[in-house]
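> So that you have it, the file is input_38.cif, and it contains mmCIF, C-alpha atoms and all ligand atoms:
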data_protein
#
loop_
_atom_site.group_PDB
_atom_site.id
_atom_site.type_symbol
_atom_site.label_atom_id
_atom_site.label_comp_id
_atom_site.auth_asym_id
_atom_site.auth_seq_id
_atom_site.Cartn_x
_atom_site.Cartn_y
_atom_site.Cartn_z
ATOM 1 C CA MET A 1455 25.802 9.144 46.062
ATOM 2 C CA GLY A 1456 23.952 11.259 43.643
ATOM 3 C CA ASP A 1457 25.220 9.773 40.456
ATOM 4 C CA VAL A 1458 22.551 8.050 38.443
ATOM 5 C CA VAL A 1459 23.757 5.136 36.422
ATOM 6 C CA THR A 1460 21.513 4.258 33.573
ATOM 7 C CA GLY A 1461 21.583 1.560 31.026
ATOM 8 C CA GLN A 1462 23.807 -0.779 32.989
ATOM 9 C CA PHE A 1463 21.520 -2.492 35.396
ATOM 10 C CA GLY A 1464 18.028 -3.798 35.385
ATOM 11 C CA LYS A 1465 15.830 -4.311 32.418
ATOM 12 C CA LYS A 1466 16.299 -2.679 29.112
ATOM 13 C CA PRO A 1467 14.032 0.253 28.483
ATOM 14 C CA LYS A 1468 11.174 -0.635 26.237
ATOM 15 C CA ALA A 1469 11.523 0.935 22.870
ATOM 16 C CA PRO A 1470 8.352 1.796 21.019
ATOM 17 C CA LYS A 1471 8.998 -0.359 18.034
ATOM 18 C CA ARG A 1472 6.684 -2.396 15.937
ATOM 19 C CA SER A 1473 5.949 -5.956 16.644
ATOM 20 C CA SER A 1474 8.545 -8.286 15.266
ATOM 21 C CA LEU A 1475 5.749 -10.681 14.455
ATOM 22 C CA CYS A 1476 4.361 -8.202 11.981
ATOM 23 C CA GLN A 1477 7.758 -7.670 10.472
ATOM 24 C CA HIS A 1478 7.917 -11.356 9.769
ATOM 25 C CA GLY A 1479 4.489 -11.405 8.228
ATOM 26 C CA HIS A 1480 2.625 -12.755 11.210
ATOM 27 C CA HIS A 1481 -0.003 -10.092 11.511
ATOM 28 C CA SER A 1482 -2.886 -10.111 13.895
ATOM 29 C CA TRP A 1483 -5.643 -9.965 11.338
ATOM 30 C CA LYS A 1484 -9.052 -8.787 12.329
ATOM 31 C CA VAL A 1485 -12.005 -8.358 10.059
ATOM 32 C CA ASP A 1486 -12.504 -4.760 9.123
ATOM 33 C CA LYS A 1487 -16.265 -4.544 8.979
ATOM 34 C CA ALA A 1488 -16.146 -0.995 7.735
ATOM 35 C CA SER A 1489 -15.061 -2.048 4.292
ATOM 36 C CA GLN A 1490 -16.350 -5.431 3.405
ATOM 37 C CA PHE A 1491 -17.680 -4.465 0.052
ATOM 38 C CA ASP A 1492 -15.293 -3.663 -2.743
ATOM 39 C CA VAL A 1493 -17.075 -1.205 -4.953
ATOM 40 C CA LYS A 1494 -14.476 -1.351 -7.657
ATOM 41 C CA SER A 1495 -14.795 -5.033 -8.303
ATOM 42 C CA GLY A 1496 -18.419 -5.211 -7.295
ATOM 43 C CA LYS A 1497 -17.690 -8.238 -5.222
ATOM 44 C CA LEU A 1498 -18.169 -8.899 -1.595
ATOM 45 C CA VAL A 1499 -14.784 -9.162 -0.033
ATOM 46 C CA THR A 1500 -13.547 -9.449 3.473
ATOM 47 C CA ALA A 1501 -11.123 -6.786 4.527
ATOM 48 C CA TYR A 1502 -8.648 -7.549 7.246
ATOM 49 C CA LEU A 1503 -6.901 -5.074 9.438
ATOM 50 C CA CYS A 1504 -3.891 -5.851 11.548
ATOM 51 C CA ALA A 1505 -4.595 -4.920 15.120
ATOM 52 C CA ARG A 1506 -0.953 -4.241 15.792
ATOM 53 C CA CYS A 1507 0.508 -2.387 12.857
ATOM 54 C CA GLY A 1508 -2.573 -1.404 10.888
ATOM 55 C CA ALA A 1509 -1.690 -3.303 7.755
ATOM 56 C CA LYS A 1510 -4.549 -4.199 5.499
ATOM 57 C CA LYS A 1511 -5.375 -7.077 3.263
ATOM 58 C CA THR A 1512 -8.400 -8.315 1.531
ATOM 59 C CA GLY A 1513 -9.578 -11.759 0.770
ATOM 60 C CA LEU A 1514 -12.497 -13.188 -1.070
ATOM 61 C CA SER A 1515 -14.865 -14.786 1.328
HETATM 62 ZN ZN ZN A 1601 0.762 -6.337 11.601
#
Could the structure of this file be written out as structure tokens, please?

Amino acid sequence: MGDVVTGQFGKKPKAPKRSSLCQHGHHSWKVDKASQFDVKSGKLVTAYLCARCGAKKTGLS
């Protein structure tokens, strides 16, 4: 009694790592309404923000 065995039984401890989906390019895109207008190009664009990893992309709407 008294000895604590760790790492051998039960579930693996959850490591705070990024989603593997994002690593494979499957981001959870959400429309970033804060920046829908691209001033540089003067065009209305839709900015997307990944809800998981924070990656950004833009696409012409
Ligand atoms: Zn992502």
> What does the list of residues within 10 Å of ligand ZN 1601 (chain A) look like if you count all atoms listed in the file, written as a PyMOL selection string?
chain A and resi 1472-1483+1503-1510
> Axis-aligned box over every listed atom of segment 1476-1487 of chain A, padded by 4 Å per side: centre and edges in Å to one decimal, as JSON?

{"center_x": -4.2, "center_y": -8.6, "center_z": 11.1, "size_x": 32.2, "size_y": 16.2, "size_z": 13.7}
> Here's a test: counting only C-alpha atoms, identify every protein, DNA and RNA residue with an atom at most 7 Å from (-9.6, -7.1, 2.4) in the file's coordinate frame, and state them as a PyMOL selection string.
chain A and resi 1499-1502+1510-1513
